[in-house]
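Asks: The structure file model.cif (mmCIF, C-alpha atoms) is provided below.
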```cif
data_input
#
loop_
_atom_site.group_PDB
_atom_site.id
_atom_site.type_symbol
_atom_site.label_atom_id
_atom_site.label_comp_id
_atom_site.auth_asym_id
_atom_site.auth_seq_id
_atom_site.Cartn_x
_atom_site.Cartn_y
_atom_site.Cartn_z
ATOM 1 C CA ASP C 843 0.000 0.000 0.000
ATOM 2 C CA VAL C 844 1.148 3.494 -0.796
ATOM 3 C CA LYS C 845 1.894 5.542 2.240
ATOM 4 C CA VAL C 846 2.339 9.221 3.010
ATOM 5 C CA THR C 847 3.083 9.786 6.654
ATOM 6 C CA GLN C 848 2.899 13.089 8.462
ATOM 7 C CA SER C 849 4.851 13.141 11.663
ATOM 8 C CA SER C 850 2.266 14.764 13.910
ATOM 9 C CA ARG C 851 -1.532 14.644 13.775
ATOM 10 C CA TYR C 852 -1.975 17.431 16.308
ATOM 11 C CA LEU C 853 0.369 20.199 17.362
ATOM 12 C CA VAL C 854 -0.067 23.199 19.636
ATOM 13 C CA LYS C 855 2.537 25.933 19.381
ATOM 14 C CA ARG C 856 3.037 29.456 20.669
ATOM 15 C CA THR C 857 3.196 32.581 18.533
ATOM 16 C CA GLY C 858 6.750 33.181 17.371
ATOM 17 C CA GLU C 859 7.869 29.567 17.674
ATOM 18 C CA LYS C 860 9.606 27.829 14.800
ATOM 19 C CA VAL C 861 7.520 24.876 13.651
ATOM 20 C CA PHE C 862 8.539 21.893 11.560
ATOM 21 C CA LEU C 863 5.972 19.696 9.849
ATOM 22 C CA GLU C 864 7.465 16.548 8.440
ATOM 23 C CA CYS C 865 6.173 14.363 5.634
ATOM 24 C CA VAL C 866 7.591 11.080 4.381
ATOM 25 C CA GLN C 867 6.437 8.989 1.430
ATOM 26 C CA ASP C 868 7.464 5.449 0.629
ATOM 27 C CA MET C 869 6.459 5.358 -3.046
ATOM 28 C CA ASP C 870 9.622 6.842 -4.553
ATOM 29 C CA HIS C 871 7.544 9.721 -5.935
ATOM 30 C CA GLU C 872 9.271 12.686 -7.513
ATOM 31 C CA ASN C 873 6.603 15.254 -6.617
ATOM 32 C CA MET C 874 5.590 16.361 -3.149
ATOM 33 C CA PHE C 875 3.168 19.035 -2.004
ATOM 34 C CA TRP C 876 2.076 20.980 1.036
ATOM 35 C CA TYR C 877 -1.474 22.314 1.275
ATOM 36 C CA ARG C 878 -3.405 23.972 4.032
ATOM 37 C CA GLN C 879 -7.128 23.557 4.433
ATOM 38 C CA ASP C 880 -9.403 26.025 6.156
ATOM 39 C CA PRO C 881 -13.209 26.062 6.371
ATOM 40 C CA GLY C 882 -14.710 27.845 3.407
ATOM 41 C CA LEU C 883 -11.343 28.242 1.689
ATOM 42 C CA GLY C 884 -10.762 24.707 0.452
ATOM 43 C CA LEU C 885 -7.248 23.396 -0.063
ATOM 44 C CA ARG C 886 -4.618 25.983 -0.872
ATOM 45 C CA LEU C 887 -1.205 25.081 -2.225
ATOM 46 C CA ILE C 888 1.693 26.401 -0.153
ATOM 47 C CA TYR C 889 4.736 24.850 -1.829
ATOM 48 C CA PHE C 890 5.551 21.907 -4.008
ATOM 49 C CA SER C 891 8.698 20.106 -5.048
ATOM 50 C CA TYR C 892 9.316 18.109 -8.207
ATOM 51 C CA ASP C 893 12.768 16.841 -7.289
ATOM 52 C CA VAL C 894 15.267 16.730 -4.464
ATOM 53 C CA LYS C 895 16.387 20.238 -3.492
ATOM 54 C CA MET C 896 13.899 21.733 -5.945
ATOM 55 C CA LYS C 897 10.910 23.756 -4.775
ATOM 56 C CA GLU C 898 8.252 25.952 -6.272
ATOM 57 C CA LYS C 899 5.936 28.415 -4.589
ATOM 58 C CA GLY C 900 2.267 27.681 -4.556
ATOM 59 C CA ASP C 901 -0.467 30.237 -4.084
ATOM 60 C CA ILE C 902 0.205 31.111 -0.431
ATOM 61 C CA PRO C 903 3.935 30.703 0.351
ATOM 62 C CA GLU C 904 4.222 33.741 2.618
ATOM 63 C CA GLY C 905 5.315 32.821 6.130
ATOM 64 C CA TYR C 906 6.431 29.336 5.076
ATOM 65 C CA SER C 907 9.532 27.664 3.754
ATOM 66 C CA VAL C 908 10.249 24.080 2.741
ATOM 67 C CA SER C 909 13.112 21.657 2.628
ATOM 68 C CA ARG C 910 13.621 18.594 0.473
ATOM 69 C CA GLU C 911 17.017 17.096 1.155
ATOM 70 C CA LYS C 912 15.948 13.529 0.385
ATOM 71 C CA LYS C 913 13.463 12.261 -2.159
ATOM 72 C CA GLU C 914 11.168 10.701 0.384
ATOM 73 C CA ARG C 915 10.966 13.618 2.806
ATOM 74 C CA PHE C 916 9.399 17.065 2.407
ATOM 75 C CA SER C 917 9.368 19.418 5.359
ATOM 76 C CA LEU C 918 7.253 22.511 5.882
ATOM 77 C CA ILE C 919 8.752 25.160 8.123
ATOM 78 C CA LEU C 920 7.010 28.022 9.838
ATOM 79 C CA GLU C 921 9.858 30.324 10.767
ATOM 80 C CA SER C 922 7.804 32.305 13.275
ATOM 81 C CA ALA C 923 4.367 30.874 13.806
ATOM 82 C CA SER C 924 1.412 33.230 13.905
ATOM 83 C CA THR C 925 -2.201 32.674 14.913
ATOM 84 C CA ASN C 926 -3.367 32.964 11.305
ATOM 85 C CA GLN C 927 -1.353 29.856 10.529
ATOM 86 C CA THR C 928 -3.665 27.765 12.673
ATOM 87 C CA SER C 929 -4.929 25.253 10.141
ATOM 88 C CA MET C 930 -5.003 21.685 8.861
ATOM 89 C CA TYR C 931 -1.863 20.965 6.864
ATOM 90 C CA LEU C 932 -1.939 18.243 4.240
ATOM 91 C CA CYS C 933 1.070 16.693 2.565
ATOM 92 C CA ALA C 934 0.797 14.790 -0.707
ATOM 93 C CA SER C 935 3.007 13.060 -3.217
ATOM 94 C CA SER C 936 2.622 12.029 -6.843
ATOM 95 C CA PRO C 937 4.574 10.207 -9.508
ATOM 96 C CA PRO C 938 5.858 12.165 -12.506
ATOM 97 C CA ASP C 939 3.309 10.778 -14.971
ATOM 98 C CA ASN C 940 1.051 13.834 -14.582
ATOM 99 C CA THR C 941 -2.211 11.910 -14.319
ATOM 100 C CA GLY C 942 -3.242 14.144 -11.463
ATOM 101 C CA GLU C 943 -3.236 11.397 -8.874
ATOM 102 C CA LEU C 944 -1.983 12.723 -5.564
ATOM 103 C CA PHE C 945 -1.632 10.573 -2.472
ATOM 104 C CA PHE C 946 -2.340 12.426 0.736
ATOM 105 C CA GLY C 947 -1.222 11.980 4.289
ATOM 106 C CA GLU C 948 -3.746 12.120 7.123
ATOM 107 C CA GLY C 949 -3.013 15.746 7.886
ATOM 108 C CA SER C 950 -1.475 17.717 10.724
ATOM 109 C CA ARG C 951 -3.763 20.007 12.683
ATOM 110 C CA LEU C 952 -1.725 22.929 13.952
ATOM 111 C CA THR C 953 -2.995 25.355 16.558
ATOM 112 C CA VAL C 954 -0.969 28.484 17.210
ATOM 113 C CA LEU C 955 -1.811 30.251 20.455
ATOM 114 C CA GLY W 1203 -4.391 33.548 -14.720
ATOM 115 C CA GLN W 1204 -6.315 30.649 -13.371
ATOM 116 C CA SER W 1205 -9.913 30.217 -12.226
ATOM 117 C CA LEU W 1206 -11.944 27.275 -11.056
ATOM 118 C CA GLU W 1207 -15.695 27.122 -10.441
ATOM 119 C CA GLN W 1208 -17.819 24.457 -8.818
ATOM 120 C CA PRO W 1209 -21.129 24.748 -6.995
ATOM 121 C CA SER W 1210 -20.527 25.155 -3.292
ATOM 122 C CA GLU W 1211 -23.199 22.684 -2.248
ATOM 123 C CA VAL W 1212 -25.427 20.036 -3.800
ATOM 124 C CA THR W 1213 -28.158 18.022 -2.080
ATOM 125 C CA ALA W 1214 -29.734 14.806 -3.352
ATOM 126 C CA VAL W 1215 -31.588 11.799 -1.992
ATOM 127 C CA GLU W 1216 -30.334 8.278 -1.641
ATOM 128 C CA GLY W 1217 -30.579 6.317 -4.865
ATOM 129 C CA ALA W 1218 -30.643 9.414 -7.054
ATOM 130 C CA ILE W 1219 -28.150 10.608 -9.655
ATOM 131 C CA VAL W 1220 -26.224 13.828 -9.128
ATOM 132 C CA GLN W 1221 -23.911 15.799 -11.406
ATOM 133 C CA ILE W 1222 -21.230 18.132 -10.073
ATOM 134 C CA ASN W 1223 -20.061 20.618 -12.676
ATOM 135 C CA CYS W 1224 -16.670 22.207 -12.966
ATOM 136 C CA THR W 1225 -15.465 25.020 -15.197
ATOM 137 C CA TYR W 1226 -11.847 26.051 -15.303
ATOM 138 C CA GLN W 1227 -9.457 28.487 -16.890
ATOM 139 C CA THR W 1228 -5.970 27.066 -16.622
ATOM 140 C CA SER W 1229 -2.828 27.886 -18.530
ATOM 141 C CA GLY W 1230 -1.146 24.800 -19.928
ATOM 142 C CA PHE W 1231 -4.118 22.572 -19.153
ATOM 143 C CA TYR W 1232 -3.223 18.909 -19.172
ATOM 144 C CA GLY W 1233 -6.209 17.028 -17.744
ATOM 145 C CA LEU W 1234 -8.843 17.074 -15.014
ATOM 146 C CA SER W 1235 -8.847 15.032 -11.819
ATOM 147 C CA TRP W 1236 -11.577 14.518 -9.247
ATOM 148 C CA TYR W 1237 -11.137 13.936 -5.527
ATOM 149 C CA GLN W 1238 -13.438 12.985 -2.699
ATOM 150 C CA GLN W 1239 -12.924 14.128 0.882
ATOM 151 C CA HIS W 1240 -15.000 13.012 3.835
ATOM 152 C CA ASP W 1241 -15.172 15.249 6.893
ATOM 153 C CA GLY W 1242 -12.051 14.757 8.965
ATOM 154 C CA GLY W 1243 -10.343 12.744 6.257
ATOM 155 C CA ALA W 1244 -7.782 13.344 3.556
ATOM 156 C CA PRO W 1245 -8.715 13.809 -0.115
ATOM 157 C CA THR W 1246 -8.711 10.607 -2.119
ATOM 158 C CA PHE W 1247 -8.338 10.361 -5.874
ATOM 159 C CA LEU W 1248 -11.435 9.332 -7.844
ATOM 160 C CA SER W 1249 -10.694 9.771 -11.521
ATOM 161 C CA TYR W 1250 -8.675 11.478 -14.219
ATOM 162 C CA ASN W 1251 -9.698 12.694 -17.676
ATOM 163 C CA GLY W 1252 -6.781 13.325 -20.000
ATOM 164 C CA LEU W 1253 -8.932 13.207 -23.118
ATOM 165 C CA ASP W 1254 -12.385 14.500 -23.971
ATOM 166 C CA GLY W 1255 -15.214 12.184 -23.145
ATOM 167 C CA LEU W 1256 -16.545 10.041 -20.374
ATOM 168 C CA GLU W 1257 -14.571 7.861 -17.981
ATOM 169 C CA GLU W 1258 -16.520 5.386 -15.886
ATOM 170 C CA THR W 1259 -15.458 3.840 -12.611
ATOM 171 C CA GLY W 1260 -18.251 1.893 -10.993
ATOM 172 C CA ARG W 1261 -21.000 4.247 -9.816
ATOM 173 C CA PHE W 1262 -18.871 7.296 -10.635
ATOM 174 C CA SER W 1263 -18.251 8.777 -14.064
ATOM 175 C CA SER W 1264 -16.279 11.837 -15.065
ATOM 176 C CA PHE W 1265 -16.534 13.861 -18.227
ATOM 177 C CA LEU W 1266 -14.272 16.385 -19.893
ATOM 178 C CA SER W 1267 -14.748 18.844 -22.737
ATOM 179 C CA ARG W 1268 -11.515 20.704 -23.419
ATOM 180 C CA SER W 1269 -13.098 23.047 -25.951
ATOM 181 C CA ASP W 1270 -15.594 24.205 -23.314
ATOM 182 C CA SER W 1271 -13.115 24.137 -20.391
ATOM 183 C CA TYR W 1272 -15.735 22.099 -18.621
ATOM 184 C CA GLY W 1273 -16.053 18.837 -16.808
ATOM 185 C CA TYR W 1274 -18.409 17.044 -14.496
ATOM 186 C CA LEU W 1275 -18.540 14.217 -12.029
ATOM 187 C CA LEU W 1276 -21.612 12.008 -12.179
ATOM 188 C CA LEU W 1277 -22.555 9.930 -9.176
ATOM 189 C CA GLN W 1278 -25.208 7.278 -9.667
ATOM 190 C CA GLU W 1279 -27.213 5.244 -7.161
ATOM 191 C CA LEU W 1280 -26.271 7.655 -4.420
ATOM 192 C CA GLN W 1281 -25.497 6.230 -1.026
ATOM 193 C CA MET W 1282 -25.249 7.937 2.333
ATOM 194 C CA LYS W 1283 -21.520 7.310 2.336
ATOM 195 C CA ASP W 1284 -21.197 9.532 -0.739
ATOM 196 C CA SER W 1285 -21.833 12.549 1.473
ATOM 197 C CA ALA W 1286 -18.507 14.333 1.204
ATOM 198 C CA SER W 1287 -16.740 17.208 -0.516
ATOM 199 C CA TYR W 1288 -15.719 16.780 -4.136
ATOM 200 C CA PHE W 1289 -12.926 18.688 -5.825
ATOM 201 C CA CYS W 1290 -12.139 19.076 -9.502
ATOM 202 C CA VAL W 1291 -8.438 19.664 -10.015
ATOM 203 C CA PRO W 1292 -7.026 20.872 -13.332
ATOM 204 C CA GLY W 1293 -3.591 19.540 -14.074
ATOM 205 C CA THR W 1294 -0.829 21.367 -15.892
ATOM 206 C CA GLY W 1295 2.611 20.422 -17.053
ATOM 207 C CA THR W 1296 4.089 22.170 -14.021
ATOM 208 C CA TYR W 1297 2.517 19.775 -11.464
ATOM 209 C CA LYS W 1298 0.891 22.737 -9.755
ATOM 210 C CA TYR W 1299 -2.407 21.173 -8.691
ATOM 211 C CA ILE W 1300 -4.984 23.682 -7.496
ATOM 212 C CA PHE W 1301 -7.909 22.275 -5.521
ATOM 213 C CA GLY W 1302 -10.182 25.209 -4.857
ATOM 214 C CA THR W 1303 -13.106 25.145 -2.441
ATOM 215 C CA GLY W 1304 -14.899 22.083 -3.801
ATOM 216 C CA THR W 1305 -18.544 21.017 -3.732
ATOM 217 C CA ARG W 1306 -20.161 19.714 -0.582
ATOM 218 C CA LEU W 1307 -22.566 16.893 -1.418
ATOM 219 C CA LYS W 1308 -25.271 16.035 1.073
ATOM 220 C CA VAL W 1309 -27.147 12.795 0.559
ATOM 221 C CA LEU W 1310 -30.487 12.590 2.302
ATOM 222 C CA ALA W 1311 -32.213 9.396 3.354
#
```
What's the C-alpha cells form of this structure?
Replies:
Amino acid sequence: DVKVTQSSRYLVKRTGEKVFLECVQDMDHENMFWYRQDPGLGLRLIYFSYDVKMKEKGDIPEGYSVSREKKERFSLILESASTNQTSMYLCASSPPDNTGELFFGEGSRLTVL
Amino acid sequence: GQSLEQPSEVTAVEGAIVQINCTYQTSGFYGLSWYQQHDGGAPTFLSYNGLDGLEETGRFSSFLSRSDSYGYLLLQELQMKDSASYFCVPGTGTYKYIFGTGTRLKVLA
C-alpha cells in the first residue's frame, strides 16, 4: 500500500515559535506538495517540489519555507508561527506521470496560540 | 491567470443521480482530476480525464470537454456514504495542482 506519513496529527505551538511539519512517502515519488485547508477556503497550495532540493511556490507561500534534502521527505517550516497559521496541513506526493493522482497523508492540525 | 468554479453545495436523496459541474481556466491545461474528501479525512483520488469524453469507474463517471473548459462528475445510485466534498483539479505540465473550495454533497435518506 502506498503511504504518506505526516509526523504529527496534532500540534499546539506558541506565537513566534519555529515549527517543523514533516512528511515522508514510501512510493519513490518525484513530486511532493504541502497544502493547508481552512473552512470555506478549500485546499490551498503552499509549496511543491518536483525533485530533491527543488521547490516551487504555490499560491500562499508567505510565512512558510520548505526543505527537500531527500526524495522521500518534504518538510514545511514556519519560521515564526502566527495565529493565522492555525490550520489543517496536508502533505501529498505524486509520480511524474502527470495523471493528477496525488496521495495524501492524514493531515497535521496545527494550533498556534 | 487561473480560475476554477464548482457549486458550493449540492443536495440529493439516496438512490438518485447527481452531477457536479466544474469550469476552469488554466494555462497549460493537461487534464482534469476529481477527488473525494469526507469530513475529517484526507482527499482521495477518484478519476482522471486526460482526453475529452466520459470515464466510468463503478457508480462514478467523469466527463471532460476541453473546448468548453468544462467537466463534471456524475454519481449514480447515491449512497449515504457519498456525502462528502468533491474537488475538480485541473492539471498542468508544471505539477501545480490547485484544488479550490470544492462542492459539498449532502445525501439525504
Asks: Please write the residues picked by the PyMOL selection byres ((chain C and resi 953) around 7) on this file as an NGL selection string.
Replies: :C and (853-855 or 928-929 or 951-952 or 954-955)
Asks: Which one of W:Ile1219, W:Ser1285, W:Tyr1272, W:His1240 sits closest to Gly1255 (chain W) if you count all atoms listed in the file?
Replies: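 Of W:Ile1219, W:Ser1285, W:Tyr1272, W:His1240, the one nearest Gly1255 (chain W), counting all atoms listed in the file, is W:Tyr1272.
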Asks: Taking the file as I've supplied it (selection: the PyMOL selection byres ((chain W) within 7 of (chain C))), which residues are included? Please answer as an MDAnalysis selection string.
Replies: chainID W and resid 1235 1243:1245 1247 1250 1293 1297 1300:1304
Asks: For those residues, write C-alpha atoms to a file as an mmCIF file, in the frame of the given file.
Replies:
```
data_model
loop_
_atom_site.group_PDB
_atom_site.id
_atom_site.type_symbol
_atom_site.label_atom_id
_atom_site.label_comp_id
_atom_site.auth_asym_id
_atom_site.auth_seq_id
_atom_site.Cartn_x
_atom_site.Cartn_y
_atom_site.Cartn_z
ATOM 1 C CA SER W 1235 -8.847 15.032 -11.819
ATOM 2 C CA GLY W 1243 -10.343 12.744 6.257
ATOM 3 C CA ALA W 1244 -7.782 13.344 3.556
ATOM 4 C CA PRO W 1245 -8.715 13.809 -0.115
ATOM 5 C CA PHE W 1247 -8.338 10.361 -5.874
ATOM 6 C CA TYR W 1250 -8.675 11.478 -14.219
ATOM 7 C CA GLY W 1293 -3.591 19.540 -14.074
ATOM 8 C CA TYR W 1297 2.517 19.775 -11.464
ATOM 9 C CA ILE W 1300 -4.984 23.682 -7.496
ATOM 10 C CA PHE W 1301 -7.909 22.275 -5.521
ATOM 11 C CA GLY W 1302 -10.182 25.209 -4.857
ATOM 12 C CA THR W 1303 -13.106 25.145 -2.441
ATOM 13 C CA GLY W 1304 -14.899 22.083 -3.801
#
```
Asks: Could you expand the PyMOL selection byres ((chain C and resi 865) around 8) into the explicit residues it covers here, written as a VMD selection string?
Replies: chain C and resid 846 to 849 863 to 864 866 to 867 915 to 917 933 947
Asks: Suppose you want the space between CA of Tyr1237 (chain W) and CA of Phe1262 (chain W); what is it in Å?
Replies: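 Computed distance, CA of Tyr1237 (chain W) to CA of Phe1262 (chain W), equals 11.4 Å.
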Asks: Could you check the closest approach to Ser1271 (chain W) for each of W:Pro1209, W:Glu1216, W:Pro1292, W:Val1309 and tell me which residue wins, using all atoms listed in the file?
Replies: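 Of W:Pro1209, W:Glu1216, W:Pro1292, W:Val1309, the one nearest Ser1271 (chain W), counting all atoms listed in the file, is W:Pro1292.
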Asks: Between CA of Tyr1274 (chain W) and CA of Cys1290 (chain W), measure the distance and give it in Å to one decimal.
Replies: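 Interatomic distance here is 8.3 Å.
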Asks: I'd like the neighbourhood of Leu1280 (chain W) as a ChimeraX atom specification, where a residue qualifies if any of its atoms comes within 12 Å (using all atoms listed in the file), though same-chain residues fewer than 6 positions away should be ignored.
Replies: /W:1213-1221,1260-1262,1286,1307-1311
Asks: What's the separation between CA of Phe1265 (chain W) and CA of Lys1298 (chain W), in Å to one decimal place?
Replies: 21.3 Å
Asks: Nearest to Asp870 (chain C): which of C:Arg851, C:Lys845, C:Arg910, C:Arg856 is it, counting only C-alpha atoms?
Replies: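 Once distances to Asp870 (chain C) are computed over only C-alpha atoms, the minimum belongs to C:Lys845.
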Asks: Of the candidates W:Asn1251, W:Gln1204, W:Leu1277, W:Ser1210, which shows the shortest atom-to-atom distance to Gly1230 (chain W), using all atoms listed in the file?
Replies: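 Going through W:Asn1251, W:Gln1204, W:Leu1277, W:Ser1210 one by one, the smallest distance to Gly1230 (chain W) is for W:Gln1204.
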Asks: So, with all atoms listed in the file as the atoms that count, which of W:Tyr1299, W:Phe1231, W:Arg1306, W:Gln1208 lies closest to Ser1269 (chain W)?
Replies: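 Answer, going by the shortest atom-to-atom distance: W:Phe1231.
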Asks: Return as lines of an AutoDock Vina configuration file the centre and edge lengths, in Å with one decimal, of the box along x, y and z that encloses every atom of region 846-859 of chain C in the file, padded by 6 Å per side.
Replies:
```
center_x = 2.9
center_y = 21.2
center_z = 11.8
size_x = 21.8
size_y = 36.0
size_z = 29.7
```
Asks: Considering all atoms listed in the file, return as a PyMOL selection string whatever protein or nucleic-acid residues lie within 6 Å of region 918-923 of chain C, sequence-local ones (same chain, fewer than 6 positions apart) excluded.
Replies: chain C and resi 857-863+906-908
Asks: Can I get the selected residues back with C-alpha atoms, as a compact mmCIF listing (two decimals), in the frame of the given file?
Replies:
```
# COMPACT_ATOMS: atom_id res chain seq x y z
CA THR C 857 3.20 32.58 18.53
CA GLY C 858 6.75 33.18 17.37
CA GLU C 859 7.87 29.57 17.67
CA LYS C 860 9.61 27.83 14.80
CA VAL C 861 7.52 24.88 13.65
CA PHE C 862 8.54 21.89 11.56
CA LEU C 863 5.97 19.70 9.85
CA TYR C 906 6.43 29.34 5.08
CA SER C 907 9.53 27.66 3.75
CA VAL C 908 10.25 24.08 2.74
```
Asks: In terms of the shortest atom-to-atom distance over all atoms listed in the file, which of W:Glu1207, W:Gln1227, W:Asp1270, W:Gln1278 is closest to Glu1258 (chain W)?
Replies: W:Gln1278
